[in-house]
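K.L.:
The structure follows.
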Amino acid sequence: MTKVTSKDGTTIAYEKSGQGPAVILVDGALCYRAFGPMAPLAKLLESHFTVYIYDRRGRGESTGTKPYTLEREIEDIEALIAEAGGSAFVYGASSGGALALRAAAQLSGIKKLAMYEAPFNGDEKGLQVAKDYTKDLTELLAADRRGDAVERFMTMVGTPAEMVAGMKHSPMWAGFEAIAPTLAYDNAAMGDGSVPTDQAAKVKVSTLVMAGGASPAFMGDSAKLIAKEVASDAECRILEGQMHDIPAEVIAPELVEFFIKGE
């Protein structure tokens with residue numbers, strides 16, 4: 001594990017493996033190096049790339065300077081790009097994809113962008129769900145009700161109640177509570193829940209936007225809209241039979257093909 005200092009003094013912990021062009025992997029909500037999909041994905045990518053996985057601010061071994069702003073999290077990615085030599089491919093999953101999209105709209109060091117299921121949903125029902133969740137999350141975190149905040153997030157994303165009840169009695173729950181405040185960070189990256197077409201229009205690098213064919217229809221619809229609005233060449237791929245928790249062995253070949261193409 002290595003650390004880099006972001007512009008505001010926050011320490012970002014990361015691991016680097018493999019060799020070749022740099023790829024930075026951006027986690028979604030409640031995930032970090034020790035828990036989530038990026039570590040197994042890194043193993044499958046490191047024969048092609050120098051892979052950077054990191055703890056987003058406020059998680060794992062990274063610190064988190066207050067107050068939080070989305071701009072500061074984008075600066076964390078900028079610091080990692082600098083560590084990688086000034087340019088890197090970037091892949092973001094779920095709300096990490098939303099963050100990666102916003103970073104690609106601003107940072108010149110991102111060579112290509114790949115995203116999987118940033119959960120934007122701009123229809124009337126989706127916008128109301130996002131509004132209600134934002135209100136509840138803000139109140140729960142203000143009261144330091146971390147466990148309730150985690151449960152509210154899991155309810156919002158459709159985790160069955162019996163599964164949540166089981167997780168509350170497992171060792172992982174304490175870890176979730178420890179990083180519960182970062183749920184607000186992911187929520188900030190999601191904005192009001194609608195596709196940020198203004199940000200997509202600022203992305204001037206090749207972009208691959210993916211969604212699972214077995215996921216709710218809005219995931220694919222959002223992916224198609226993002227790809228349509230990106231200012232550079234962009235492709236939307238629907239991965240048949242896949243859902244939000246996509247296996248590393250399925251997503252890895254898509255990333256290898258996309259990032260290496262044209263290099």
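Every chain in the structure tokens has a letter given in the order shown (A, B, ...), and although residue numbers restart at 1 in each chain, ligands are simply numbered from 1 in the order shown.
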Identify, with DSSP run on backbone atoms, the residues in segment 82-136 of chain A assigned to strand (DSSP E), and express the list as JSON, numbers by chain.

P.N.:
{"A": [88, 89, 90, 91, 92, 93, 110, 111, 112, 113, 114, 115, 116]}

K.L.:
List every residue of segment 115-146 of chain A that has an atom at most 9 Å from any atom of segment 201-210 of chain A, and for each one report the closest atom pair and its distance in Å to one decimal, counting only C-alpha atoms, with rows sorted by chain and then by increasing residue number, as CSV.

P.N.:
residue,atom,partner,partner_atom,distance
A:Met115,CA,A:Val209,CA,5.0
A:Tyr116,CA,A:Met210,CA,4.7
A:Glu117,CA,A:Met210,CA,6.2
A:Ala118,CA,A:Met210,CA,8.9

K.L.:
Deliver the residues from the most recent selection as a file, using C-alpha atoms, as an mmCIF file, in the first residue's frame.

P.N.:
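Generated output (out13.cif):
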data_model
loop_
_atom_site.group_PDB
_atom_site.id
_atom_site.type_symbol
_atom_site.label_atom_id
_atom_site.label_comp_id
_atom_site.auth_asym_id
_atom_site.auth_seq_id
_atom_site.Cartn_x
_atom_site.Cartn_y
_atom_site.Cartn_z
ATOM 1 C CA MET A 115 -18.328 3.137 -16.865
ATOM 2 C CA TYR A 116 -20.632 0.389 -15.679
ATOM 3 C CA GLU A 117 -24.148 1.167 -14.465
ATOM 4 C CA ALA A 118 -23.923 4.618 -12.959
#

K.L.:
Which residue out of A:Thr197, A:Ser94, A:Asn121, A:Ser108 has the minimum interatomic distance to Asp221 of chain A when only C-alpha atoms are used?

P.N.:
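For Asp221 of chain A, the nearest of the given residues is A:Asn121.
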
K.L.:
Nearest to Val90 of chain A among A:Phe153, A:Trp173, A:Phe120, A:Tyr52, with distances taken over only C-alpha atoms: which residue is it?

P.N.:
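Of A:Phe153, A:Trp173, A:Phe120, A:Tyr52, the one nearest Val90 of chain A is A:Tyr52, counting only C-alpha atoms.
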
K.L.:
Using only C-alpha atoms, determine which residues lie at most 7 Å from segment 38-49 of chain A, disregarding the query and same-chain residues fewer than 6 positions distant; provide the list as a ChimeraX atom specification.

P.N.:
/A:17-23,25,27,248,252

K.L.:
Leaving out Gly64 of chain A and any residue of its chain fewer than 6 positions from it, which residues lie within 9 Å of it when counting only C-alpha atoms, given as a short mmCIF file (atom, residue, chain, number, x, y, z; two decimals) with C-alpha atoms, in the first residue's frame?

P.N.:
data_model
loop_
_atom_site.label_atom_id
_atom_site.label_comp_id
_atom_site.auth_asym_id
_atom_site.auth_seq_id
_atom_site.Cartn_x
_atom_site.Cartn_y
_atom_site.Cartn_z
CA GLY A 9 -4.01 17.62 2.15
CA THR A 10 -6.13 14.46 2.22
CA THR A 11 -4.05 11.27 2.16
CA ILE A 12 -5.24 8.77 -0.44
CA ARG A 56 -11.80 6.92 -1.85
CA ARG A 57 -11.55 9.67 0.78
CA GLY A 58 -13.06 8.76 4.14
#
